[in-house]
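> Sharing query-v4.txt, compact mmCIF, C-alpha atoms and all ligand atoms:
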# COMPACT_ATOMS: atom_id res chain seq x y z
CA MET I 265 165.35 86.84 105.52
CA LYS I 266 164.54 90.44 106.25
CA THR I 267 166.03 93.40 104.56
CA TYR I 268 166.23 96.88 105.97
CA ARG I 269 165.73 100.17 104.24
CA ARG I 270 167.02 103.51 105.34
CA LYS I 271 165.03 106.28 106.75
CA PHE I 272 164.92 109.21 109.04
CA LEU I 273 165.57 112.04 111.35
CA LYS I 274 163.25 112.74 114.21
CA ARG I 275 162.62 114.41 117.50
CA ALA I 276 162.39 112.14 120.51
CA GLY I 277 160.95 113.28 123.83
CA TYR I 278 162.93 112.99 127.04
CA THR I 279 161.64 112.90 130.57
CA THR I 280 164.17 115.43 131.87
CA LEU I 281 166.52 118.20 130.97
CA SER I 282 166.51 118.07 127.22
CA SER I 283 164.84 116.66 124.21
CA LEU I 284 167.13 115.28 121.59
CA LEU I 285 166.94 115.45 117.85
CA MET I 286 168.02 112.12 116.59
CA MET I 287 168.20 109.95 113.59
CA GLY I 288 167.90 106.42 112.49
CA CYS I 289 167.51 104.00 109.71
CA PHE I 290 166.00 100.85 108.58
CA GLN I 291 163.27 99.17 107.09
CA LYS I 292 159.97 97.72 107.49
CA GLU I 293 159.80 94.02 108.02
CA LYS I 294 157.22 91.98 106.32
CA GLU I 295 158.30 88.50 107.30
CA LYS I 296 157.49 86.96 110.63
CA ASP I 297 160.47 86.82 112.89
CA ASN I 298 161.36 83.26 113.59
CA HIS I 299 165.09 83.76 113.16
CA SER I 300 167.32 82.43 115.87
CA MET I 301 170.29 84.39 117.12
CA ASP I 302 172.44 82.01 115.08
CA ALA I 303 170.64 82.99 111.93
CA ALA I 304 171.03 86.63 112.84
CA MET I 305 174.74 86.10 113.38
CA ALA I 306 174.95 84.77 109.86
CA ASN I 307 174.42 88.33 108.66
CA TYR I 308 177.90 89.09 109.90
CA LYS I 309 180.12 86.56 108.17
CA ASN I 310 183.90 86.39 108.30
CA ILE I 311 184.06 88.45 111.41
CA ASN I 312 186.95 88.29 113.76
CA THR I 313 185.12 87.36 116.94
CA SER I 314 188.22 86.63 119.01
CA SER I 315 190.19 89.87 118.61
CA PRO I 316 189.27 92.77 120.88
CA LEU I 317 187.73 95.81 119.19
CA ARG I 318 190.74 97.92 120.19
CA GLN I 319 192.97 95.55 118.25
CA LEU I 320 190.73 95.52 115.18
CA ALA I 321 190.67 99.33 115.34
CA ALA I 322 194.45 99.53 115.74
CA THR I 323 195.06 97.52 112.56
CA LYS I 324 193.23 100.35 110.75
CA GLY I 325 195.02 103.15 112.60
CA LYS I 326 191.87 103.85 114.61
CA LEU I 327 190.78 104.01 118.23
CA TYR I 328 187.73 102.36 119.76
CA GLY I 329 186.50 103.07 123.26
CA THR I 330 183.75 103.80 125.73
CA ALA I 331 182.43 106.14 128.36
CA ILE I 332 183.77 104.86 131.68
CA SER I 333 182.58 105.17 135.26
CA SER I 334 184.96 105.12 138.26
CA GLU I 335 182.16 103.69 140.41
CA PHE I 336 181.76 100.57 138.25
CA LEU I 337 185.51 100.35 137.73
CA GLN I 338 185.88 99.96 141.45
CA LYS I 339 182.88 97.72 142.12
CA GLU I 340 182.75 95.44 139.08
CA PRO I 341 185.99 93.66 138.16
CA ASP I 342 184.40 92.07 135.07
CA TYR I 343 183.55 95.56 133.79
CA ALA I 344 187.12 96.78 134.31
CA LYS I 345 188.48 93.69 132.59
CA LEU I 346 186.23 94.14 129.57
CA ILE I 347 187.20 97.79 129.13
CA ALA I 348 190.91 96.98 129.40
CA ARG I 349 190.46 94.28 126.78
CA GLU I 350 188.29 96.13 124.28
CA CYS I 351 189.17 99.83 124.53
CA SER I 352 192.02 102.09 123.46
CA ILE I 353 190.26 105.33 124.46
CA VAL I 354 187.80 106.20 127.26
CA THR I 355 185.74 109.22 128.28
CA PRO I 356 184.83 109.69 131.95
CA ASN I 357 181.04 109.55 132.30
CA GLY I 358 180.92 112.29 134.93
CA GLU I 359 184.25 112.49 136.78
CA LEU I 360 185.55 115.50 134.82
CA LYS I 361 182.32 117.48 134.83
CA TRP I 362 182.28 120.72 136.80
CA ASN I 363 180.23 119.31 139.69
CA ALA I 364 182.86 116.60 140.15
CA THR I 365 186.03 118.66 139.75
CA GLU I 366 185.15 121.99 141.39
CA PRO I 367 182.21 121.34 143.72
CA GLN I 368 183.03 124.47 145.76
CA PRO I 369 184.42 127.71 144.25
CA GLY I 370 188.14 127.30 143.72
CA ASN I 371 188.30 123.91 145.52
CA PHE I 372 189.35 121.29 143.03
CA THR I 373 189.12 117.55 143.49
CA PHE I 374 190.35 114.89 141.09
CA GLU I 375 190.26 111.68 143.07
CA LEU I 376 187.72 109.90 140.85
CA ALA I 377 189.09 111.21 137.56
CA ASP I 378 192.63 110.32 138.64
CA ALA I 379 191.51 106.75 139.37
CA ILE I 380 190.38 106.57 135.73
CA ALA I 381 193.65 108.15 134.54
CA ASP I 382 195.62 105.53 136.53
CA PHE I 383 193.55 102.75 134.97
CA CYS I 384 194.27 104.21 131.53
CA GLN I 385 197.99 104.34 132.18
CA LYS I 386 198.01 100.74 133.39
CA HIS I 387 196.21 99.50 130.29
CA ASN I 388 197.61 101.83 127.64
CA ILE I 389 194.32 103.62 127.04
CA ALA I 390 193.94 107.24 125.90
CA LEU I 391 191.79 109.48 128.10
CA HIS I 392 189.41 112.01 126.55
CA GLY I 393 188.56 114.91 128.88
CA HIS I 394 184.80 115.58 129.13
CA THR I 395 183.97 118.43 129.67
CA LEU I 396 185.04 121.95 130.65
CA PHE I 397 181.80 123.76 129.75
CA TRP I 398 178.25 122.38 129.74
CA HIS I 399 174.79 123.56 130.77
CA ILE I 400 174.29 120.35 132.82
CA GLY I 401 176.47 118.77 135.49
CA ASN I 402 177.37 122.03 137.22
CA PRO I 403 177.40 122.72 140.96
CA ASP I 404 174.65 125.01 142.23
CA TRP I 405 177.00 127.96 142.62
CA VAL I 406 177.78 128.05 138.88
CA SER I 407 175.31 129.88 136.66
CA TYR I 408 174.94 129.12 132.97
CA PRO I 409 176.77 130.62 131.32
CA PRO I 410 179.36 131.33 133.98
CA THR I 411 181.29 134.59 133.96
CA LEU I 412 184.56 134.55 132.06
CA LYS I 413 186.44 134.98 135.33
CA ILE I 414 184.85 131.91 136.93
CA LEU I 415 185.29 129.95 133.71
CA GLU I 416 188.96 130.89 133.50
CA ARG I 417 189.67 129.68 137.04
CA HIS I 418 187.85 126.41 136.27
CA VAL I 419 189.70 125.75 133.01
CA LYS I 420 193.06 126.57 134.56
CA GLY I 421 192.33 124.32 137.55
CA VAL I 422 191.13 121.30 135.58
CA MET I 423 193.32 121.44 132.48
CA GLY I 424 196.28 122.42 134.60
CA HIS I 425 195.91 119.27 136.69
CA TYR I 426 196.27 117.09 133.57
CA ARG I 427 198.86 119.22 131.76
CA ASN I 428 201.55 116.61 132.25
CA SER I 429 199.32 113.57 132.09
CA PRO I 430 200.73 110.92 129.74
CA VAL I 431 197.23 109.56 129.01
CA LEU I 432 194.97 112.59 128.70
CA LYS I 433 195.17 113.48 125.03
CA SER I 434 192.10 115.58 124.26
CA TRP I 435 189.38 117.77 125.75
CA ASP I 436 185.75 118.54 125.02
CA ILE I 437 186.36 122.24 125.51
CA ALA I 438 182.66 122.97 125.12
CA ASN I 439 179.74 120.57 125.15
CA GLU I 440 176.23 121.02 123.70
CA ILE I 441 176.41 124.78 123.26
CA ILE I 442 173.89 124.80 120.40
CA ALA I 443 170.28 125.26 121.51
CA ASP I 444 167.78 122.47 120.94
CA SER I 445 165.68 124.56 118.54
CA GLU I 446 165.30 127.96 116.93
CA GLN I 447 162.88 128.94 119.70
CA GLU I 448 165.52 128.40 122.37
CA THR I 449 168.24 130.69 121.13
CA ASP I 450 168.69 134.46 121.28
CA ASN I 451 171.53 134.81 118.79
CA PRO I 452 172.31 134.10 115.12
CA TYR I 453 174.77 131.33 116.03
CA GLY I 454 172.01 129.23 117.59
CA LEU I 455 173.81 129.19 120.93
CA ARG I 456 171.86 128.48 124.12
CA LYS I 457 170.30 131.61 125.60
CA GLY I 458 172.80 133.94 127.22
CA VAL I 459 175.84 132.32 125.57
CA LYS I 460 177.78 134.68 123.33
CA PRO I 461 180.08 133.40 120.59
CA GLU I 462 182.87 135.54 122.08
CA LEU I 463 182.63 133.60 125.35
CA ILE I 464 183.19 130.32 123.50
CA ARG I 465 186.06 131.87 121.55
CA ASP I 466 187.64 133.09 124.80
CA LEU I 467 187.13 129.68 126.38
CA PHE I 468 189.13 128.05 123.57
CA LEU I 469 191.79 130.77 123.91
CA ILE I 470 192.11 130.20 127.65
CA ALA I 471 192.34 126.44 127.09
CA ALA I 472 195.14 126.95 124.56
CA SER I 473 196.98 129.18 127.00
CA VAL I 474 196.86 126.41 129.63
CA ASP I 475 197.79 123.41 127.48
CA SER I 476 197.87 123.54 123.70
CA SER I 477 199.47 120.09 123.49
CA LYS I 478 196.05 118.38 123.70
CA GLU I 479 193.44 118.10 120.96
CA PHE I 480 190.49 120.46 121.37
CA TYR I 481 186.93 119.37 120.54
CA LEU I 482 183.59 121.10 120.17
CA ASN I 483 181.09 118.36 121.06
CA ASP I 484 177.35 118.18 120.35
CA PHE I 485 174.34 115.95 119.65
CA ALA I 486 171.62 115.87 116.99
CA ILE I 487 174.08 116.95 114.33
CA GLU I 488 174.06 113.63 112.47
CA GLY I 489 172.08 114.92 109.50
CA ALA I 490 170.80 118.10 107.86
CA THR I 491 169.27 119.55 111.03
CA TRP I 492 168.86 123.05 112.42
CA LYS I 493 171.40 122.04 115.05
CA SER I 494 173.98 120.74 112.58
CA ALA I 495 173.73 123.94 110.50
CA HIS I 496 174.42 126.05 113.62
CA PHE I 497 177.10 123.71 114.93
CA LEU I 498 178.95 124.10 111.63
CA LYS I 499 178.44 127.86 111.79
CA MET I 500 180.11 127.91 115.23
CA VAL I 501 182.98 125.72 114.04
CA GLU I 502 183.48 128.15 111.17
CA TYR I 503 183.32 131.12 113.54
CA LEU I 504 185.97 129.55 115.79
CA LYS I 505 188.23 128.77 112.84
CA ASN I 506 187.81 132.30 111.50
CA SER I 507 188.62 133.66 114.95
CA GLY I 508 191.97 131.88 114.73
CA VAL I 509 191.49 129.73 117.82
CA LYS I 510 192.79 126.19 118.11
CA ILE I 511 189.97 123.73 117.39
CA ASP I 512 191.10 120.30 116.21
CA ARG I 513 188.05 118.10 116.18
CA ALA I 514 184.27 118.04 116.08
CA GLY I 515 182.71 115.63 118.55
CA ILE I 516 179.66 114.07 116.94
CA GLN I 517 177.92 112.48 119.91
CA SER I 518 175.69 110.09 117.93
CA HIS I 519 172.96 109.20 120.42
CA LEU I 520 170.99 107.74 117.55
CA TRP I 521 167.42 106.60 117.16
CA PHE I 522 166.50 104.30 114.33
CA SER I 523 162.99 103.30 113.36
CA THR I 524 161.02 101.71 110.58
CA ASN I 525 159.06 104.98 110.60
CA TYR I 526 161.79 107.36 109.61
CA PRO I 527 164.98 107.25 107.55
CA PHE I 528 168.62 107.90 108.38
CA ASP I 529 169.58 111.12 106.64
CA GLU I 530 172.72 109.71 105.03
CA LYS I 531 173.00 112.54 102.54
CA GLY I 532 172.61 115.23 105.19
CA PHE I 533 175.15 113.58 107.47
CA SER I 534 177.63 113.11 104.61
CA ASN I 535 177.32 116.84 103.93
CA VAL I 536 178.08 117.62 107.58
CA LEU I 537 181.22 115.47 107.38
CA LYS I 538 182.21 117.07 104.09
CA ARG I 539 181.80 120.56 105.51
CA LEU I 540 183.98 119.63 108.51
CA LYS I 541 186.63 118.36 106.12
CA ASP I 542 186.53 121.68 104.25
CA LEU I 543 186.95 123.47 107.58
CA GLU I 544 189.89 121.17 108.44
CA VAL I 545 188.25 119.96 111.65
CA LYS I 546 188.35 116.19 112.06
CA PRO I 547 185.17 114.36 113.07
CA VAL I 548 185.15 112.01 116.07
CA ILE I 549 182.22 109.82 117.12
CA THR I 550 182.19 110.61 120.82
CA GLU I 551 179.05 109.10 122.43
CA LEU I 552 177.57 106.49 120.11
CA ASP I 553 174.59 104.39 121.17
CA ILE I 554 171.56 103.22 119.20
CA ILE I 555 167.96 103.08 120.36
CA ILE I 556 165.31 101.38 118.28
CA ASP I 557 162.20 103.55 118.33
CA THR I 558 158.63 102.31 118.04
CA PRO I 559 157.17 100.27 116.46
CA LEU I 560 159.23 97.77 118.43
CA PRO I 561 159.90 94.33 116.99
CA ASN I 562 158.39 91.25 118.56
CA SER I 563 161.61 89.73 119.85
CA ILE I 564 164.90 90.73 121.42
CA GLN I 565 166.76 88.81 118.70
CA LYS I 566 165.15 90.95 116.05
CA LEU I 567 165.83 94.10 118.05
CA ASP I 568 169.50 93.18 118.43
CA ARG I 569 169.76 92.62 114.72
CA MET I 570 168.20 96.01 114.02
CA VAL I 571 170.65 97.68 116.39
CA ALA I 572 173.56 95.84 114.76
CA ASN I 573 172.50 96.73 111.23
CA SER I 574 172.15 100.35 112.30
CA TYR I 575 175.66 100.36 113.77
CA LYS I 576 177.02 98.93 110.56
CA GLN I 577 175.24 101.41 108.34
CA TYR I 578 176.30 104.37 110.46
CA LEU I 579 179.93 103.32 110.91
CA ASP I 580 180.37 102.43 107.24
CA LEU I 581 179.46 106.01 106.40
CA CYS I 582 181.72 107.42 109.13
CA PHE I 583 184.73 105.33 108.12
CA ALA I 584 184.23 106.17 104.44
CA ALA I 585 184.53 109.83 105.49
CA GLY I 586 187.78 109.15 107.37
CA VAL I 587 186.57 108.94 110.99
CA ASP I 588 189.44 107.51 113.04
CA THR I 589 187.89 107.34 116.52
CA VAL I 590 184.65 105.78 117.74
CA ILE I 591 183.58 105.98 121.37
CA THR I 592 180.35 104.30 122.46
CA TRP I 593 178.50 105.78 125.44
CA GLY I 594 179.09 102.70 127.54
CA LEU I 595 180.18 99.22 126.59
CA SER I 596 177.36 97.12 127.97
CA ASP I 597 173.59 97.46 128.29
CA ARG I 598 174.11 96.90 132.04
CA HIS I 599 175.27 100.49 132.39
CA THR I 600 173.54 102.43 129.64
CA TRP I 601 172.44 105.94 130.68
CA ILE I 602 169.22 105.49 128.75
CA ARG I 603 167.93 103.01 131.36
CA HIS I 604 168.60 105.44 134.23
CA PRO I 605 165.32 106.91 135.58
CA ASP I 606 166.66 110.45 135.08
CA TRP I 607 167.18 109.84 131.40
CA MET I 608 164.84 107.12 130.16
CA PRO I 609 162.72 108.52 127.31
CA LYS I 610 159.09 109.05 128.29
CA LYS I 611 157.61 106.55 125.89
CA PHE I 612 159.82 103.82 127.35
CA LYS I 613 159.35 104.97 130.93
CA ASP I 614 155.58 104.90 130.54
CA ASN I 615 155.67 101.33 129.23
CA PRO I 616 157.57 98.96 131.52
CA ALA I 617 157.26 96.21 128.88
CA PHE I 618 159.45 98.35 126.61
CA HIS I 619 162.39 98.61 129.03
CA LYS I 620 163.99 95.38 127.89
CA PHE I 621 164.20 96.82 124.37
CA LEU I 622 166.69 99.46 125.48
CA ARG I 623 169.77 97.57 124.29
CA PRO I 624 171.87 100.27 122.63
CA LEU I 625 175.43 98.98 123.25
CA PRO I 626 177.75 96.28 121.88
CA PHE I 627 177.75 94.01 124.96
CA ASP I 628 174.73 92.75 126.94
CA GLU I 629 173.96 92.98 130.67
CA ASN I 630 176.17 89.96 131.30
CA LEU I 631 178.98 91.59 129.33
CA GLN I 632 178.58 89.06 126.53
CA PRO I 633 179.13 90.30 122.97
CA LYS I 634 176.00 91.11 121.00
CA LEU I 635 175.47 91.28 117.27
CA ALA I 636 176.22 95.01 117.54
CA ARG I 637 179.75 94.13 118.64
CA ASN I 638 180.15 92.07 115.48
CA ALA I 639 178.75 94.90 113.39
CA ILE I 640 181.39 97.26 114.81
CA ALA I 641 184.05 94.61 114.20
CA GLN I 642 182.93 94.15 110.61
CA ALA I 643 182.80 97.88 109.93
CA LEU I 644 186.36 98.15 111.28
CA GLN I 645 187.56 95.19 109.24
CA GLN I 646 186.12 96.71 106.06
CA ALA I 647 187.29 100.27 106.79
CA THR I 648 189.95 102.06 104.81
CA PRO I 649 192.94 102.58 107.14
CA SER I 650 193.42 105.97 108.81
CA VAL I 651 196.74 107.56 109.49
CA ARG I 652 197.51 106.03 112.90
CA ARG I 653 196.07 107.87 115.91
CA LYS I 654 197.91 107.88 119.16
O1 LIG I 701 176.20 109.60 141.60
C1 LIG I 701 174.88 109.11 141.84
C2 LIG I 701 174.98 107.78 142.55
O2 LIG I 701 175.57 107.99 143.82
C3 LIG I 701 173.58 107.19 142.70
O3 LIG I 701 173.69 105.89 143.22
C4 LIG I 701 172.88 107.10 141.35
C5 LIG I 701 171.45 106.62 141.50
O4 LIG I 701 170.73 106.81 140.34
O5 LIG I 701 172.88 108.39 140.72
C6 LIG I 701 174.19 108.87 140.52
O6 LIG I 701 174.22 110.07 139.81
C7 LIG I 701 173.89 110.01 138.45
C8 LIG I 701 175.15 110.20 137.60
O7 LIG I 701 174.80 110.25 136.24
C9 LIG I 701 176.17 109.08 137.76
O8 LIG I 701 175.63 107.87 137.30
C10 LIG I 701 172.89 111.10 138.15
O9 LIG I 701 171.70 110.83 138.88
C11 LIG I 701 172.63 111.16 136.67
O10 LIG I 701 171.72 112.21 136.36
C12 LIG I 701 173.94 111.35 135.95
O11 LIG I 701 173.64 111.38 134.60
C13 LIG I 701 174.72 111.52 133.67
C14 LIG I 701 174.46 112.77 132.82
O12 LIG I 701 175.36 112.82 131.73
C15 LIG I 701 174.60 114.05 133.64
O13 LIG I 701 175.92 114.21 134.07
C16 LIG I 701 174.72 110.26 132.82
O14 LIG I 701 175.14 109.17 133.62
C17 LIG I 701 175.67 110.44 131.66
O15 LIG I 701 175.60 109.31 130.83
C18 LIG I 701 175.27 111.70 130.88
O16 LIG I 701 176.18 111.84 129.83
C19 LIG I 701 175.85 112.84 128.86
C20 LIG I 701 177.16 113.42 128.36
O17 LIG I 701 177.90 113.92 129.46
C21 LIG I 701 176.90 114.53 127.34
N1 LIG I 701 176.07 114.05 126.24
C22 LIG I 701 174.83 113.38 126.64
C23 LIG I 701 175.13 112.25 127.64
C24 LIG I 701 173.87 111.51 127.99
O18 LIG I 701 172.98 112.36 128.64
Show me this structure written as structure tokens.


Amino acid sequence: MKTYRRKFLKRAGYTTLSSLLMMGCFQKEKEKDNHSMDAAMANYKNINTSSPLRQLAATKGKLYGTAISSEFLQKEPDYAKLIARECSIVTPNGELKWNATEPQPGNFTFELADAIADFCQKHNIALHGHTLFWHIGNPDWVSYPPTLKILERHVKGVMGHYRNSPVLKSWDIANEIIADSEQETDNPYGLRKGVKPELIRDLFLIAASVDSSKEFYLNDFAIEGATWKSAHFLKMVEYLKNSGVKIDRAGIQSHLWFSTNYPFDEKGFSNVLKRLKDLEVKPVITELDIIIDTPLPNSIQKLDRMVANSYKQYLDLCFAAGVDTVITWGLSDRHTWIRHPDWMPKKFKDNPAFHKFLRPLPFDENLQPKLARNAIAQALQQATPSVRRK
């Protein structure tokens, strides 16, 4: 039987748009892998395999959910059925991004996002709004950063549309505003070039003036440890709190990479969560998925077990710190963004034999539960209850 050790925090290269600082865990294996899936399953004993994750989460006052796509919702009934069964919260994958909601200046369109909102209402699912401000996913006519005037019209148009929505409960007011490294910022807050802290403050103020009944998030990646990004993310949260604006939650995306070659920075991540607690900003896991970095194991069974163990280790830490909401960035490996040619990391893209090892989500391509699903279930079952979220 293998055991896994913790490790790491590391930079992973991406083929497009950004490179992500990520983290991971686990431990070198010495034994040969001749474990069957059944043996792997034995690692997760006494798990409730029949109850949906949303139900297991609800018994602990928590929410579990996924990123959701209107395209698949429409085309794949089995996908829609699985989300309705397993999820109590969803985040639109792209339907609320600027290029979807305001493709032409001042012309708003919500057809796709509304289809998701209707689905949520039908199945009693909370909708998380993603996102009002991002450096990606903008129509060509929007510069980054946009002027305050253009931003104000956008926020009023989009938030205003959902002001009376019974399902939309929260917004990523700003997404990924912290630069990827010290070299890519021009200000002491570590914001992307050209972004001023006052603009972000004003964005939160405008949002509050449109609809302060929702929860407001600042959302970012590569903050799951003691990183340059997490230090600057916390600095911005502190700035926003000190500016007196409404900021309820910190979205910790959690696109994680785990490898035998580097450890999960548990201490650093615990300190991030502690600092957020001190600032009275609740953490939410908004985009969780787990990639196993090289060296890759010699079987899919082993890979799935590594992914599952990583989920368990990460969620145990989150739940111990009081996290009450976990959203995975997709439910099944059929739809994971990381397999899309725009986003597949270079080292995987360059090695077609590696593609099948991109299995970062709790259900497989056939929407069957994987060991990672059981790991999430077990972490939920063992979690200390939260004050119920609605
Ligand atoms: O809409 C077209 C579709 O018509 C076409 O058939 C298909 C062919 O590949 O492409 C579709 O567009 C893609 C779109 O996702 C919808 O699937 C784009 O090419 C693709 O670049 C776009 O990527 C999304 C990306 O954000 C940019 O919006 C990913 O799916 C989505 O997972 C990703 O999500 C981000 C979060 O918003 C923020 N945090 C990181 C996360 C992962 O990058």

> Please find the residues contacting ligand LIG 701 (chain I) at a distance of at most 8 Å between atoms, with only C-alpha atoms and all ligand atoms counted, and report them as JSON, numbers by chain.

{"I": [331, 333, 357, 358, 361, 394, 395, 400, 401, 439, 440, 484, 485, 517, 519, 551, 593, 600, 601, 602, 604, 605, 606, 607]}

> Which residues, written as a PyMOL selection string, have at least one atom at most 12 Å from Lys345 of chain I, with only C-alpha atoms counted and residues fewer than 5 positions away on the same chain left out?

chain I and resi 316+336-340+350-351+383+386-387+595+631

> Would you kindly return, as a PyMOL selection string, each protein, DNA or RNA residue with an atom no farther than 9 Å from any atom of segment 366-380 of chain I, considering all atoms listed in the file and excluding same-chain residues fewer than 4 positions away?

chain I and resi 332-335+337+354+356+358-362+384-385+391+402-406+414+417-418+421-422+425

> Take the selection from the previous step and output its residues with C-alpha atoms, as a CSV table (one decimal), keeping the file's coordinate frame.


chain,number,residue,atom,x,y,z
I,332,ILE,CA,183.8,104.9,131.7
I,333,SER,CA,182.6,105.2,135.3
I,334,SER,CA,185.0,105.1,138.3
I,335,GLU,CA,182.2,103.7,140.4
I,337,LEU,CA,185.5,100.4,137.7
I,354,VAL,CA,187.8,106.2,127.3
I,356,PRO,CA,184.8,109.7,132.0
I,358,GLY,CA,180.9,112.3,134.9
I,359,GLU,CA,184.2,112.5,136.8
I,360,LEU,CA,185.6,115.5,134.8
I,361,LYS,CA,182.3,117.5,134.8
I,362,TRP,CA,182.3,120.7,136.8
I,384,CYS,CA,194.3,104.2,131.5
I,385,GLN,CA,198.0,104.3,132.2
I,391,LEU,CA,191.8,109.5,128.1
I,402,ASN,CA,177.4,122.0,137.2
I,403,PRO,CA,177.4,122.7,141.0
I,404,ASP,CA,174.6,125.0,142.2
I,405,TRP,CA,177.0,128.0,142.6
I,406,VAL,CA,177.8,128.0,138.9
I,414,ILE,CA,184.8,131.9,136.9
I,417,ARG,CA,189.7,129.7,137.0
I,418,HIS,CA,187.8,126.4,136.3
I,421,GLY,CA,192.3,124.3,137.6
I,422,VAL,CA,191.1,121.3,135.6
I,425,HIS,CA,195.9,119.3,136.7

> Separation of atom CA of Ile516 of chain I and atom CA of Arg349 of chain I, in Å?

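Between atom CA of Ile516 of chain I and atom CA of Arg349 of chain I the gap is 24.6 Å.
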
> Can you pull out every residue within 12 Å of Ala472 of chain I, counting all atoms listed in the file, but drop anything in the same chain fewer than 2 positions away, and send it as a list in words?

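Here the answer would be Glu416, Val419, Lys420, Met423, Gly424, Arg427, Ser434, Trp435, Ile437, Arg465, Asp466, Leu467, Phe468, Leu469, Ile470, Val474, Asp475, Ser476, Ser477, Lys478, Glu479, Phe480, Tyr481, Gly508, Val509, Lys510, Ile511 and Asp512 of chain I.
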
> Could you jot down the atom CA of Ile555 of chain I to atom CA of Trp492 of chain I separation for me, Å, one decimal place?

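These atoms are spaced 21.5 Å apart.
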
> Would you compute the distance between atom CA of Gly489 of chain I and atom CA of Asn573 of chain I? Give it in Å to one decimal.

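It comes out at 18.3 Å.
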
> Pick out the residues sitting within 8 Å of Val590 of chain I, and hand them over as a VMD selection string; count all atoms listed in the file, and ignore anything fewer than 5 positions along from it in its own chain.

chain I and resid 327 to 329 548 to 550 552

> Do a neighbour search on Leu317 of chain I at 10 Å with only C-alpha atoms, toss out local chain neighbours closer than 3 positions, and write the hits as a short mmCIF file (atom, residue, chain, number, x, y, z; two decimals) with C-alpha atoms, in the frame of the given file.


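The new file around_1.cif reads:
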data_model
loop_
_atom_site.label_atom_id
_atom_site.label_comp_id
_atom_site.auth_asym_id
_atom_site.auth_seq_id
_atom_site.Cartn_x
_atom_site.Cartn_y
_atom_site.Cartn_z
CA ASN I 312 186.95 88.29 113.76
CA THR I 313 185.12 87.36 116.94
CA SER I 314 188.22 86.63 119.01
CA LEU I 320 190.73 95.52 115.18
CA ALA I 321 190.67 99.33 115.34
CA ALA I 322 194.45 99.53 115.74
CA LEU I 327 190.78 104.01 118.23
CA TYR I 328 187.73 102.36 119.76
CA GLY I 329 186.50 103.07 123.26
CA ARG I 349 190.46 94.28 126.78
CA GLU I 350 188.29 96.13 124.28
CA CYS I 351 189.17 99.83 124.53
CA SER I 352 192.02 102.09 123.46
CA ARG I 637 179.75 94.13 118.64
CA ASN I 638 180.15 92.07 115.48
CA ILE I 640 181.39 97.26 114.81
CA ALA I 641 184.05 94.61 114.20
CA GLN I 642 182.93 94.15 110.61
CA LEU I 644 186.36 98.15 111.28
CA GLN I 645 187.56 95.19 109.24
#

> Which residue gives the smallest distance to Ile353 of chain I among I:Val431, I:Leu412, I:Met608, I:Ala647, with only C-alpha atoms counted?

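Going through I:Val431, I:Leu412, I:Met608, I:Ala647 one by one, the smallest distance to Ile353 of chain I is for I:Val431.
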
> Using all atoms listed in the file, find the one residue out of I:Glu629, I:Leu504, I:Tyr575, I:Phe583 that sits nearest to Arg598 of chain I.

I:Glu629
